[in-house]
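Note: the block below is run_31.txt and it holds compact mmCIF, N, CA, C and O atoms.
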```txt
# COMPACT_ATOMS: atom_id res chain seq x y z
N MET Z 1414 -19.86 16.83 48.73
CA MET Z 1414 -20.22 16.18 47.49
C MET Z 1414 -19.33 16.67 46.34
O MET Z 1414 -18.92 15.89 45.51
N LYS Z 1415 -19.07 17.98 46.29
CA LYS Z 1415 -18.23 18.53 45.23
C LYS Z 1415 -16.82 17.94 45.28
O LYS Z 1415 -16.23 17.66 44.26
N LYS Z 1416 -16.31 17.74 46.50
CA LYS Z 1416 -14.97 17.17 46.65
C LYS Z 1416 -14.92 15.75 46.10
O LYS Z 1416 -13.97 15.35 45.46
N LEU Z 1417 -15.98 14.99 46.30
CA LEU Z 1417 -16.05 13.63 45.79
C LEU Z 1417 -16.04 13.63 44.27
O LEU Z 1417 -15.34 12.83 43.64
N LEU Z 1418 -16.79 14.53 43.67
CA LEU Z 1418 -16.82 14.62 42.20
C LEU Z 1418 -15.46 15.03 41.64
O LEU Z 1418 -15.01 14.50 40.64
N VAL Z 1419 -14.81 15.97 42.30
CA VAL Z 1419 -13.49 16.43 41.85
C VAL Z 1419 -12.48 15.29 41.91
O VAL Z 1419 -11.64 15.14 41.03
N LEU Z 1420 -12.58 14.45 42.94
CA LEU Z 1420 -11.65 13.33 43.07
C LEU Z 1420 -12.01 12.19 42.11
O LEU Z 1420 -11.14 11.49 41.61
N ALA Z 1421 -13.29 11.99 41.83
CA ALA Z 1421 -13.73 10.87 40.99
C ALA Z 1421 -13.50 11.13 39.51
O ALA Z 1421 -13.26 10.20 38.75
N LEU Z 1422 -13.56 12.37 39.07
CA LEU Z 1422 -13.44 12.67 37.64
C LEU Z 1422 -12.10 12.22 37.05
O LEU Z 1422 -12.09 11.52 36.04
N PRO Z 1423 -10.95 12.55 37.66
CA PRO Z 1423 -9.68 12.07 37.08
C PRO Z 1423 -9.59 10.55 37.02
O PRO Z 1423 -9.09 9.99 36.06
N LEU Z 1424 -10.10 9.87 38.03
CA LEU Z 1424 -10.09 8.41 38.05
C LEU Z 1424 -10.95 7.85 36.92
O LEU Z 1424 -10.56 6.92 36.23
N THR Z 1425 -12.12 8.45 36.71
CA THR Z 1425 -13.00 8.01 35.63
C THR Z 1425 -12.33 8.20 34.27
O THR Z 1425 -12.38 7.32 33.41
N LEU Z 1426 -11.70 9.34 34.07
CA LEU Z 1426 -11.02 9.59 32.80
C LEU Z 1426 -9.89 8.61 32.59
O LEU Z 1426 -9.69 8.12 31.48
N LEU Z 1427 -9.14 8.29 33.62
CA LEU Z 1427 -8.05 7.33 33.52
C LEU Z 1427 -8.57 5.95 33.13
O LEU Z 1427 -8.03 5.29 32.25
N LEU Z 1428 -9.63 5.51 33.79
CA LEU Z 1428 -10.19 4.19 33.49
C LEU Z 1428 -10.74 4.13 32.07
O LEU Z 1428 -10.57 3.14 31.37
N CYS Z 1429 -11.41 5.18 31.62
CA CYS Z 1429 -11.97 5.19 30.26
C CYS Z 1429 -10.87 5.16 29.22
O CYS Z 1429 -10.96 4.44 28.23
N SER Z 1430 -9.82 5.93 29.41
CA SER Z 1430 -8.77 5.98 28.41
C SER Z 1430 -7.94 4.70 28.37
O SER Z 1430 -7.51 4.27 27.32
N SER Z 1431 -7.74 4.06 29.50
CA SER Z 1431 -6.90 2.87 29.50
C SER Z 1431 -7.64 1.63 29.05
O SER Z 1431 -7.05 0.69 28.57
N SER Z 1432 -8.97 1.62 29.15
CA SER Z 1432 -9.73 0.44 28.78
C SER Z 1432 -10.16 0.45 27.32
O SER Z 1432 -10.73 -0.50 26.84
N SER Z 1433 -9.90 1.53 26.62
CA SER Z 1433 -10.39 1.64 25.24
C SER Z 1433 -9.60 0.76 24.28
O SER Z 1433 -10.10 0.41 23.22
N GLY Z 1434 -8.35 0.43 24.60
CA GLY Z 1434 -7.55 -0.38 23.70
C GLY Z 1434 -7.04 0.37 22.49
O GLY Z 1434 -6.46 -0.22 21.59
N ARG Z 1435 -7.25 1.67 22.41
CA ARG Z 1435 -6.86 2.46 21.27
C ARG Z 1435 -5.38 2.79 21.35
O ARG Z 1435 -4.82 2.92 22.43
N GLU Z 1436 -4.76 2.90 20.20
CA GLU Z 1436 -3.36 3.29 20.13
C GLU Z 1436 -3.25 4.80 20.10
O GLU Z 1436 -4.15 5.49 19.66
N CYS Z 1437 -2.13 5.29 20.52
CA CYS Z 1437 -1.87 6.71 20.60
C CYS Z 1437 -1.11 7.18 19.36
O CYS Z 1437 -0.16 6.53 18.95
N ILE Z 1438 -1.54 8.27 18.76
CA ILE Z 1438 -0.80 8.90 17.66
C ILE Z 1438 -0.15 10.15 18.22
O ILE Z 1438 -0.82 11.02 18.77
N THR Z 1439 1.17 10.24 18.08
CA THR Z 1439 1.87 11.42 18.59
C THR Z 1439 1.58 12.62 17.70
O THR Z 1439 1.14 12.48 16.56
N LYS Z 1440 1.85 13.80 18.22
CA LYS Z 1440 1.58 15.02 17.44
C LYS Z 1440 2.41 15.09 16.16
O LYS Z 1440 2.03 15.75 15.21
N ASP Z 1441 3.55 14.37 16.13
CA ASP Z 1441 4.35 14.35 14.90
C ASP Z 1441 4.02 13.16 14.00
O ASP Z 1441 4.71 12.90 13.02
N GLY Z 1442 2.92 12.43 14.30
CA GLY Z 1442 2.40 11.44 13.38
C GLY Z 1442 2.89 10.01 13.52
O GLY Z 1442 2.76 9.23 12.59
N TYR Z 1443 3.42 9.65 14.66
CA TYR Z 1443 3.89 8.28 14.86
C TYR Z 1443 2.90 7.49 15.71
O TYR Z 1443 2.29 8.03 16.64
N CYS Z 1444 2.76 6.22 15.37
CA CYS Z 1444 1.96 5.29 16.16
C CYS Z 1444 2.70 3.96 16.16
O CYS Z 1444 3.12 3.48 15.10
N LYS Z 1445 2.92 3.40 17.33
CA LYS Z 1445 3.69 2.16 17.47
C LYS Z 1445 5.07 2.29 16.83
O LYS Z 1445 5.61 1.34 16.27
N GLY Z 1446 5.62 3.50 16.81
CA GLY Z 1446 6.94 3.73 16.23
C GLY Z 1446 6.95 3.84 14.71
O GLY Z 1446 8.01 3.93 14.11
N ILE Z 1447 5.78 3.84 14.08
CA ILE Z 1447 5.68 3.92 12.62
C ILE Z 1447 5.11 5.28 12.25
O ILE Z 1447 4.07 5.69 12.78
N LEU Z 1448 5.77 5.99 11.31
CA LEU Z 1448 5.26 7.26 10.81
C LEU Z 1448 4.07 6.98 9.91
O LEU Z 1448 4.17 6.19 8.97
N LEU Z 1449 2.93 7.60 10.20
CA LEU Z 1449 1.70 7.35 9.46
C LEU Z 1449 1.66 8.17 8.17
O LEU Z 1449 0.80 9.01 7.95
N CYS Z 1450 2.62 7.87 7.32
CA CYS Z 1450 2.81 8.57 6.06
C CYS Z 1450 3.43 7.58 5.09
O CYS Z 1450 4.22 6.73 5.50
N GLY Z 1451 3.06 7.65 3.83
CA GLY Z 1451 3.74 6.81 2.85
C GLY Z 1451 2.84 5.80 2.18
O GLY Z 1451 1.64 6.00 2.04
N ASP Z 1452 3.47 4.69 1.77
CA ASP Z 1452 2.78 3.64 1.02
C ASP Z 1452 2.05 2.70 1.97
O ASP Z 1452 2.66 2.12 2.87
N VAL Z 1453 0.76 2.54 1.73
CA VAL Z 1453 -0.11 1.77 2.63
C VAL Z 1453 -0.79 0.66 1.84
O VAL Z 1453 -1.28 0.88 0.73
N LYS Z 1454 -0.81 -0.52 2.44
CA LYS Z 1454 -1.51 -1.65 1.83
C LYS Z 1454 -2.67 -2.03 2.74
O LYS Z 1454 -2.50 -2.19 3.95
N ILE Z 1455 -3.87 -2.19 2.15
CA ILE Z 1455 -5.03 -2.65 2.89
C ILE Z 1455 -5.02 -4.17 2.85
O ILE Z 1455 -4.91 -4.76 1.77
N VAL Z 1456 -5.14 -4.80 4.01
CA VAL Z 1456 -5.13 -6.26 4.10
C VAL Z 1456 -6.38 -6.72 4.83
O VAL Z 1456 -7.04 -5.95 5.54
N SER Z 1457 -6.70 -8.01 4.67
CA SER Z 1457 -7.87 -8.55 5.35
C SER Z 1457 -7.47 -9.38 6.58
O SER Z 1457 -8.32 -9.74 7.37
N GLY Z 1458 -6.21 -9.65 6.73
CA GLY Z 1458 -5.74 -10.43 7.88
C GLY Z 1458 -4.99 -9.56 8.86
O GLY Z 1458 -5.37 -8.44 9.15
N SER Z 1459 -3.88 -10.10 9.34
CA SER Z 1459 -3.05 -9.40 10.30
C SER Z 1459 -2.47 -8.12 9.68
O SER Z 1459 -1.95 -8.16 8.57
N ALA Z 1460 -2.58 -7.02 10.42
CA ALA Z 1460 -2.11 -5.72 9.91
C ALA Z 1460 -1.35 -4.99 11.00
O ALA Z 1460 -1.47 -5.30 12.19
N ASP Z 1461 -0.58 -3.99 10.58
CA ASP Z 1461 0.10 -3.13 11.55
C ASP Z 1461 -0.93 -2.35 12.38
O ASP Z 1461 -0.74 -2.14 13.57
N PHE Z 1462 -2.01 -1.89 11.71
CA PHE Z 1462 -3.03 -1.09 12.38
C PHE Z 1462 -4.43 -1.51 11.95
O PHE Z 1462 -4.66 -1.82 10.79
N ARG Z 1463 -5.33 -1.48 12.92
CA ARG Z 1463 -6.76 -1.66 12.66
C ARG Z 1463 -7.37 -0.26 12.69
O ARG Z 1463 -7.23 0.44 13.70
N VAL Z 1464 -8.01 0.16 11.59
CA VAL Z 1464 -8.55 1.52 11.53
C VAL Z 1464 -10.04 1.49 11.20
O VAL Z 1464 -10.52 0.61 10.50
N ARG Z 1465 -10.72 2.47 11.74
CA ARG Z 1465 -12.14 2.67 11.42
C ARG Z 1465 -12.25 3.99 10.67
O ARG Z 1465 -11.68 5.00 11.09
N VAL Z 1466 -12.99 3.99 9.57
CA VAL Z 1466 -13.23 5.21 8.80
C VAL Z 1466 -14.46 5.89 9.41
O VAL Z 1466 -15.51 5.26 9.57
N VAL Z 1467 -14.31 7.17 9.75
CA VAL Z 1467 -15.39 7.94 10.37
C VAL Z 1467 -15.59 9.24 9.59
O VAL Z 1467 -14.74 9.64 8.79
N GLU Z 1468 -16.71 9.88 9.86
CA GLU Z 1468 -17.00 11.17 9.21
C GLU Z 1468 -16.73 12.36 10.14
O GLU Z 1468 -16.61 13.48 9.67
N SER Z 1469 -16.65 12.10 11.43
CA SER Z 1469 -16.39 13.20 12.36
C SER Z 1469 -15.47 12.73 13.49
O SER Z 1469 -15.44 11.56 13.84
N PHE Z 1470 -14.75 13.68 14.03
CA PHE Z 1470 -13.83 13.47 15.15
C PHE Z 1470 -12.82 12.34 14.92
O PHE Z 1470 -12.68 11.46 15.76
N PRO Z 1471 -12.09 12.36 13.79
CA PRO Z 1471 -11.07 11.32 13.57
C PRO Z 1471 -9.82 11.59 14.39
O PRO Z 1471 -9.57 12.71 14.83
N ASP Z 1472 -9.03 10.54 14.56
CA ASP Z 1472 -7.71 10.71 15.16
C ASP Z 1472 -6.74 11.26 14.12
O ASP Z 1472 -5.83 12.02 14.45
N LEU Z 1473 -6.94 10.86 12.85
CA LEU Z 1473 -6.04 11.24 11.76
C LEU Z 1473 -6.85 11.56 10.52
O LEU Z 1473 -7.73 10.80 10.12
N LYS Z 1474 -6.56 12.72 9.90
CA LYS Z 1474 -7.17 13.06 8.61
C LYS Z 1474 -6.22 12.58 7.53
O LYS Z 1474 -5.02 12.90 7.56
N VAL Z 1475 -6.74 11.79 6.58
CA VAL Z 1475 -5.93 11.14 5.55
C VAL Z 1475 -6.27 11.69 4.17
O VAL Z 1475 -7.44 11.73 3.78
N GLU Z 1476 -5.24 12.09 3.44
CA GLU Z 1476 -5.39 12.49 2.05
C GLU Z 1476 -4.71 11.43 1.19
O GLU Z 1476 -3.54 11.12 1.39
N VAL Z 1477 -5.45 10.88 0.23
CA VAL Z 1477 -4.89 9.87 -0.66
C VAL Z 1477 -4.11 10.59 -1.75
O VAL Z 1477 -4.64 11.47 -2.43
N LYS Z 1478 -2.84 10.22 -1.91
CA LYS Z 1478 -1.95 10.86 -2.87
C LYS Z 1478 -1.58 9.89 -3.98
O LYS Z 1478 -1.64 8.68 -3.80
N THR Z 1479 -1.19 10.44 -5.12
CA THR Z 1479 -0.66 9.61 -6.20
C THR Z 1479 0.85 9.82 -6.35
O THR Z 1479 1.53 8.97 -6.89
N GLY Z 1480 1.35 10.92 -5.83
CA GLY Z 1480 2.78 11.21 -5.89
C GLY Z 1480 3.44 10.98 -4.56
O GLY Z 1480 3.04 10.12 -3.78
N SER Z 1481 4.44 11.81 -4.27
CA SER Z 1481 5.22 11.62 -3.05
C SER Z 1481 4.39 12.00 -1.81
O SER Z 1481 3.48 12.82 -1.88
N THR Z 1482 4.74 11.36 -0.72
CA THR Z 1482 4.09 11.62 0.56
C THR Z 1482 5.14 12.09 1.54
O THR Z 1482 6.21 11.50 1.63
N ARG Z 1483 4.85 13.16 2.25
CA ARG Z 1483 5.84 13.73 3.17
C ARG Z 1483 5.32 13.97 4.57
O ARG Z 1483 6.10 14.07 5.50
N LYS Z 1484 4.01 14.11 4.71
CA LYS Z 1484 3.44 14.49 6.01
C LYS Z 1484 2.56 13.37 6.55
O LYS Z 1484 1.98 12.60 5.78
N PRO Z 1485 2.42 13.30 7.88
CA PRO Z 1485 1.49 12.32 8.46
C PRO Z 1485 0.09 12.52 7.87
O PRO Z 1485 -0.39 13.64 7.74
N GLY Z 1486 -0.53 11.42 7.48
CA GLY Z 1486 -1.86 11.48 6.87
C GLY Z 1486 -1.83 11.51 5.35
O GLY Z 1486 -2.86 11.37 4.72
N GLU Z 1487 -0.66 11.66 4.75
CA GLU Z 1487 -0.55 11.56 3.29
C GLU Z 1487 -0.25 10.10 2.97
O GLU Z 1487 0.82 9.59 3.30
N TRP Z 1488 -1.23 9.42 2.39
CA TRP Z 1488 -1.11 7.99 2.10
C TRP Z 1488 -1.23 7.73 0.62
O TRP Z 1488 -2.02 8.37 -0.08
N ARG Z 1489 -0.46 6.77 0.15
CA ARG Z 1489 -0.58 6.27 -1.23
C ARG Z 1489 -0.84 4.77 -1.11
O ARG Z 1489 -0.04 4.04 -0.52
N PHE Z 1490 -1.97 4.32 -1.64
CA PHE Z 1490 -2.32 2.90 -1.53
C PHE Z 1490 -1.59 2.09 -2.59
O PHE Z 1490 -1.56 2.47 -3.77
N VAL Z 1491 -0.97 0.99 -2.15
CA VAL Z 1491 -0.15 0.15 -3.02
C VAL Z 1491 -0.52 -1.32 -2.82
O VAL Z 1491 -1.13 -1.69 -1.81
N GLY Z 1492 -0.11 -2.15 -3.77
CA GLY Z 1492 -0.33 -3.58 -3.67
C GLY Z 1492 0.84 -4.30 -3.03
O GLY Z 1492 0.69 -5.41 -2.51
N SER Z 1493 2.02 -3.69 -3.09
CA SER Z 1493 3.21 -4.27 -2.47
C SER Z 1493 4.22 -3.16 -2.20
O SER Z 1493 4.08 -2.05 -2.70
N GLY Z 1494 5.24 -3.48 -1.42
CA GLY Z 1494 6.28 -2.49 -1.10
C GLY Z 1494 5.78 -1.42 -0.14
O GLY Z 1494 6.26 -0.29 -0.15
N GLU Z 1495 4.86 -1.80 0.74
CA GLU Z 1495 4.24 -0.85 1.65
C GLU Z 1495 5.15 -0.46 2.81
O GLU Z 1495 6.04 -1.20 3.18
N ASP Z 1496 4.88 0.72 3.35
CA ASP Z 1496 5.54 1.16 4.58
C ASP Z 1496 4.84 0.57 5.80
O ASP Z 1496 5.47 0.31 6.81
N PHE Z 1497 3.53 0.40 5.70
CA PHE Z 1497 2.75 -0.26 6.76
C PHE Z 1497 1.43 -0.75 6.18
O PHE Z 1497 1.04 -0.38 5.07
N THR Z 1498 0.77 -1.63 6.93
CA THR Z 1498 -0.51 -2.20 6.49
C THR Z 1498 -1.63 -1.77 7.43
O THR Z 1498 -1.40 -1.50 8.61
N ILE Z 1499 -2.84 -1.70 6.85
CA ILE Z 1499 -4.02 -1.40 7.66
C ILE Z 1499 -5.10 -2.42 7.35
O ILE Z 1499 -5.14 -3.01 6.27
N ARG Z 1500 -5.95 -2.63 8.32
CA ARG Z 1500 -7.15 -3.42 8.14
C ARG Z 1500 -8.31 -2.52 8.55
O ARG Z 1500 -8.30 -1.93 9.64
N ILE Z 1501 -9.29 -2.38 7.66
CA ILE Z 1501 -10.47 -1.56 7.95
C ILE Z 1501 -11.41 -2.38 8.83
O ILE Z 1501 -11.79 -3.49 8.45
N VAL Z 1502 -11.78 -1.84 9.98
CA VAL Z 1502 -12.64 -2.54 10.93
C VAL Z 1502 -13.72 -1.61 11.44
O VAL Z 1502 -13.63 -0.38 11.29
N GLU Z 1503 -14.72 -2.17 12.06
CA GLU Z 1503 -15.72 -1.37 12.78
C GLU Z 1503 -15.43 -1.39 14.27
O GLU Z 1503 -15.19 -0.36 14.86
N PRO Z 1504 -15.43 -2.58 14.90
CA PRO Z 1504 -15.15 -2.59 16.34
C PRO Z 1504 -13.65 -2.59 16.63
O PRO Z 1504 -12.85 -3.06 15.82
N SER Z 1505 -13.30 -2.05 17.75
CA SER Z 1505 -11.94 -2.11 18.30
C SER Z 1505 -10.83 -1.63 17.36
O SER Z 1505 -9.85 -2.33 17.14
N PRO Z 1506 -10.94 -0.41 16.83
CA PRO Z 1506 -9.84 0.09 15.99
C PRO Z 1506 -8.67 0.56 16.86
O PRO Z 1506 -8.85 0.91 18.03
N ASP Z 1507 -7.48 0.57 16.25
CA ASP Z 1507 -6.33 1.21 16.92
C ASP Z 1507 -6.51 2.72 16.90
O ASP Z 1507 -6.17 3.41 17.86
N PHE Z 1508 -7.02 3.23 15.77
CA PHE Z 1508 -7.33 4.65 15.65
C PHE Z 1508 -8.34 4.85 14.53
O PHE Z 1508 -8.61 3.94 13.76
N THR Z 1509 -8.91 6.06 14.47
CA THR Z 1509 -9.91 6.37 13.45
C THR Z 1509 -9.32 7.34 12.43
O THR Z 1509 -8.43 8.13 12.75
N ILE Z 1510 -9.83 7.23 11.19
CA ILE Z 1510 -9.37 8.12 10.12
C ILE Z 1510 -10.58 8.72 9.40
O ILE Z 1510 -11.67 8.16 9.42
N LYS Z 1511 -10.35 9.86 8.79
CA LYS Z 1511 -11.33 10.49 7.91
C LYS Z 1511 -10.59 10.86 6.64
O LYS Z 1511 -9.51 11.45 6.70
N PHE Z 1512 -11.15 10.47 5.49
CA PHE Z 1512 -10.53 10.84 4.22
C PHE Z 1512 -10.89 12.28 3.90
O PHE Z 1512 -12.05 12.69 4.00
N VAL Z 1513 -9.87 13.07 3.52
CA VAL Z 1513 -10.05 14.48 3.18
C VAL Z 1513 -9.39 14.76 1.84
O VAL Z 1513 -8.56 13.98 1.37
N ASN Z 1514 -9.78 15.86 1.22
CA ASN Z 1514 -9.20 16.25 -0.07
C ASN Z 1514 -7.96 17.12 0.09
O ASN Z 1514 -7.21 17.29 -0.86
N SER Z 1515 -7.78 17.68 1.26
CA SER Z 1515 -6.60 18.51 1.52
C SER Z 1515 -6.39 18.63 3.02
O SER Z 1515 -7.27 18.30 3.81
N PHE Z 1516 -5.23 19.10 3.39
CA PHE Z 1516 -4.84 19.34 4.77
C PHE Z 1516 -4.90 18.09 5.66
O PHE Z 1516 -5.57 18.08 6.68
N PRO Z 1517 -4.17 17.02 5.28
CA PRO Z 1517 -4.09 15.86 6.16
C PRO Z 1517 -3.33 16.24 7.43
O PRO Z 1517 -2.44 17.09 7.39
N CYS Z 1518 -3.70 15.63 8.54
CA CYS Z 1518 -3.01 15.97 9.80
C CYS Z 1518 -3.44 15.01 10.91
O CYS Z 1518 -4.44 14.31 10.80
N VAL Z 1519 -2.67 15.04 11.98
CA VAL Z 1519 -3.07 14.38 13.20
C VAL Z 1519 -4.10 15.29 13.86
O VAL Z 1519 -3.79 16.42 14.21
N GLU Z 1520 -5.29 14.79 13.99
CA GLU Z 1520 -6.38 15.60 14.52
C GLU Z 1520 -6.46 15.51 16.05
O GLU Z 1520 -6.76 16.48 16.71
N ARG Z 1521 -6.22 14.32 16.58
CA ARG Z 1521 -6.30 14.12 18.02
C ARG Z 1521 -5.05 13.41 18.53
O ARG Z 1521 -5.01 12.20 18.68
N PRO Z 1522 -3.99 14.18 18.78
CA PRO Z 1522 -2.74 13.55 19.25
C PRO Z 1522 -2.81 13.14 20.71
O PRO Z 1522 -3.69 13.58 21.45
N CYS Z 1523 -1.85 12.32 21.11
CA CYS Z 1523 -1.70 11.92 22.51
C CYS Z 1523 -1.40 13.14 23.35
O CYS Z 1523 -0.87 14.12 22.86
N ASN Z 1524 -1.62 12.98 24.60
CA ASN Z 1524 -1.15 13.99 25.57
C ASN Z 1524 0.21 13.53 26.04
O ASN Z 1524 0.29 12.65 26.87
N ASP Z 1525 1.27 14.07 25.45
CA ASP Z 1525 2.63 13.66 25.81
C ASP Z 1525 3.02 14.15 27.18
O ASP Z 1525 2.74 15.17 27.61
```
I need this file expressed as structure tokens, please.
Amino acid sequence: MKKLLVLALPLTLLLCSSSSGRECITKDGYCKGILLCGDVKIVSGSADFRVRVVESFPDLKVEVKTGSTRKPGEWRFVGSGEDFTIRIVEPSPDFTIKFVNSFPCVERPCND
């Protein structure tokens, strides 16, 4: 029985991770080839990323900035001239974010 569980666990993890539809954020802050830093525009239609705002266990911690942005998770919201767009959603996000006052970072990176 133990051997069956040992063999089934990796398969279960593989199926769960591949069926989630979630996008992967690399440890250096890239998703779909876009650095998750800079000027961000919130849209209601088609967006580069669909994100869900959560209070715990986010994929990315985001600090809203008014000045320059240099690190993944440092976002400045703009009306135009954006680096990428996001759409706030509940179901089926590409990744989750939590707004923080300091220390933005990739909280749950991919397993490269």
Spatial neighbours of Z:Gly1458, max dist 8 Å, all atoms listed in the file, sep filter under 2 positions, as an MDAnalysis selection string:
chainID Z and resid 1455:1456 1460:1463 1498:1501
Include N, CA, C and O atoms and write out the residues we just selected as a PDB file, in the coordinates of the input.
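Listed below is the output, again09.pdb:
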```pdb
ATOM      1  N   ILE Z1455      -3.870  -2.190   2.150  1.00  0.00           N
ATOM      2  CA  ILE Z1455      -5.030  -2.650   2.890  1.00  0.00           C
ATOM      3  C   ILE Z1455      -5.020  -4.170   2.850  1.00  0.00           C
ATOM      4  O   ILE Z1455      -4.910  -4.760   1.770  1.00  0.00           O
ATOM      5  N   VAL Z1456      -5.140  -4.800   4.010  1.00  0.00           N
ATOM      6  CA  VAL Z1456      -5.130  -6.260   4.100  1.00  0.00           C
ATOM      7  C   VAL Z1456      -6.380  -6.720   4.830  1.00  0.00           C
ATOM      8  O   VAL Z1456      -7.040  -5.950   5.540  1.00  0.00           O
ATOM      9  N   ALA Z1460      -2.580  -7.020  10.420  1.00  0.00           N
ATOM     10  CA  ALA Z1460      -2.110  -5.720   9.910  1.00  0.00           C
ATOM     11  C   ALA Z1460      -1.350  -4.990  11.000  1.00  0.00           C
ATOM     12  O   ALA Z1460      -1.470  -5.300  12.190  1.00  0.00           O
ATOM     13  N   ASP Z1461      -0.580  -3.990  10.580  1.00  0.00           N
ATOM     14  CA  ASP Z1461       0.100  -3.130  11.550  1.00  0.00           C
ATOM     15  C   ASP Z1461      -0.930  -2.350  12.380  1.00  0.00           C
ATOM     16  O   ASP Z1461      -0.740  -2.140  13.570  1.00  0.00           O
ATOM     17  N   PHE Z1462      -2.010  -1.890  11.710  1.00  0.00           N
ATOM     18  CA  PHE Z1462      -3.030  -1.090  12.380  1.00  0.00           C
ATOM     19  C   PHE Z1462      -4.430  -1.510  11.950  1.00  0.00           C
ATOM     20  O   PHE Z1462      -4.660  -1.820  10.790  1.00  0.00           O
ATOM     21  N   ARG Z1463      -5.330  -1.480  12.920  1.00  0.00           N
ATOM     22  CA  ARG Z1463      -6.760  -1.660  12.660  1.00  0.00           C
ATOM     23  C   ARG Z1463      -7.370  -0.260  12.690  1.00  0.00           C
ATOM     24  O   ARG Z1463      -7.230   0.440  13.700  1.00  0.00           O
ATOM     25  N   THR Z1498       0.770  -1.630   6.930  1.00  0.00           N
ATOM     26  CA  THR Z1498      -0.510  -2.200   6.490  1.00  0.00           C
ATOM     27  C   THR Z1498      -1.630  -1.770   7.430  1.00  0.00           C
ATOM     28  O   THR Z1498      -1.400  -1.500   8.610  1.00  0.00           O
ATOM     29  N   ILE Z1499      -2.840  -1.700   6.850  1.00  0.00           N
ATOM     30  CA  ILE Z1499      -4.020  -1.400   7.660  1.00  0.00           C
ATOM     31  C   ILE Z1499      -5.100  -2.420   7.350  1.00  0.00           C
ATOM     32  O   ILE Z1499      -5.140  -3.010   6.270  1.00  0.00           O
ATOM     33  N   ARG Z1500      -5.950  -2.630   8.320  1.00  0.00           N
ATOM     34  CA  ARG Z1500      -7.150  -3.420   8.140  1.00  0.00           C
ATOM     35  C   ARG Z1500      -8.310  -2.520   8.550  1.00  0.00           C
ATOM     36  O   ARG Z1500      -8.300  -1.930   9.640  1.00  0.00           O
ATOM     37  N   ILE Z1501      -9.290  -2.380   7.660  1.00  0.00           N
ATOM     38  CA  ILE Z1501     -10.470  -1.560   7.950  1.00  0.00           C
ATOM     39  C   ILE Z1501     -11.410  -2.380   8.830  1.00  0.00           C
ATOM     40  O   ILE Z1501     -11.790  -3.490   8.450  1.00  0.00           O
TER      41      ILE Z1501
END
```
So which residues touch Z:Gly1451 within 4.5 Å, counting only N, CA, C and O atoms, skipping near sequence neighbours fewer than 2 positions away, as number ranges by chain?
Z: 1453, 1487-1489
Option closest in space to Z:Leu1448, from Z:Asp1496, Z:Glu1520, Z:Asp1507, Z:Glu1468 [counting all atoms listed in the file]
Z:Asp1496
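Atom pair atom N of Z:Phe1512 / atom C of Z:Ser1469: separated by 9.4 Å.
Restricting the calculation to only C-alpha atoms, the smallest distance between Z:Ile1447 and any of Z:Gly1480, Z:Gly1486, Z:Ser1459, Z:Phe1497 is found for Z:Phe1497.
The interatomic distance for the pair atom CA of Z:Pro1522 and atom CA of Z:Thr1479 works out to 25.8 Å.
You can rank Z:Arg1521, Z:Asp1441, Z:Glu1436, Z:Gly1446 by their closest distance to Z:Asp1472 using only N, CA, C and O atoms, and at the top of that list sits Z:Arg1521.
For the atom pair formed by atom CA of Z:Gly1492 and atom N of Z:Phe1470, the distance is 28.6 Å, given to one decimal.
For the choices Z:Glu1495, Z:Pro1471, Z:Lys1484, Z:Phe1490, the atom-to-atom distance to Z:Ile1510 is smallest for Z:Pro1471 when using only N, CA, C and O atoms.
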As a ChimeraX atom specification, which residues of chain Z does DSSP assign to alpha helix (DSSP H)?
/Z:1415-1432
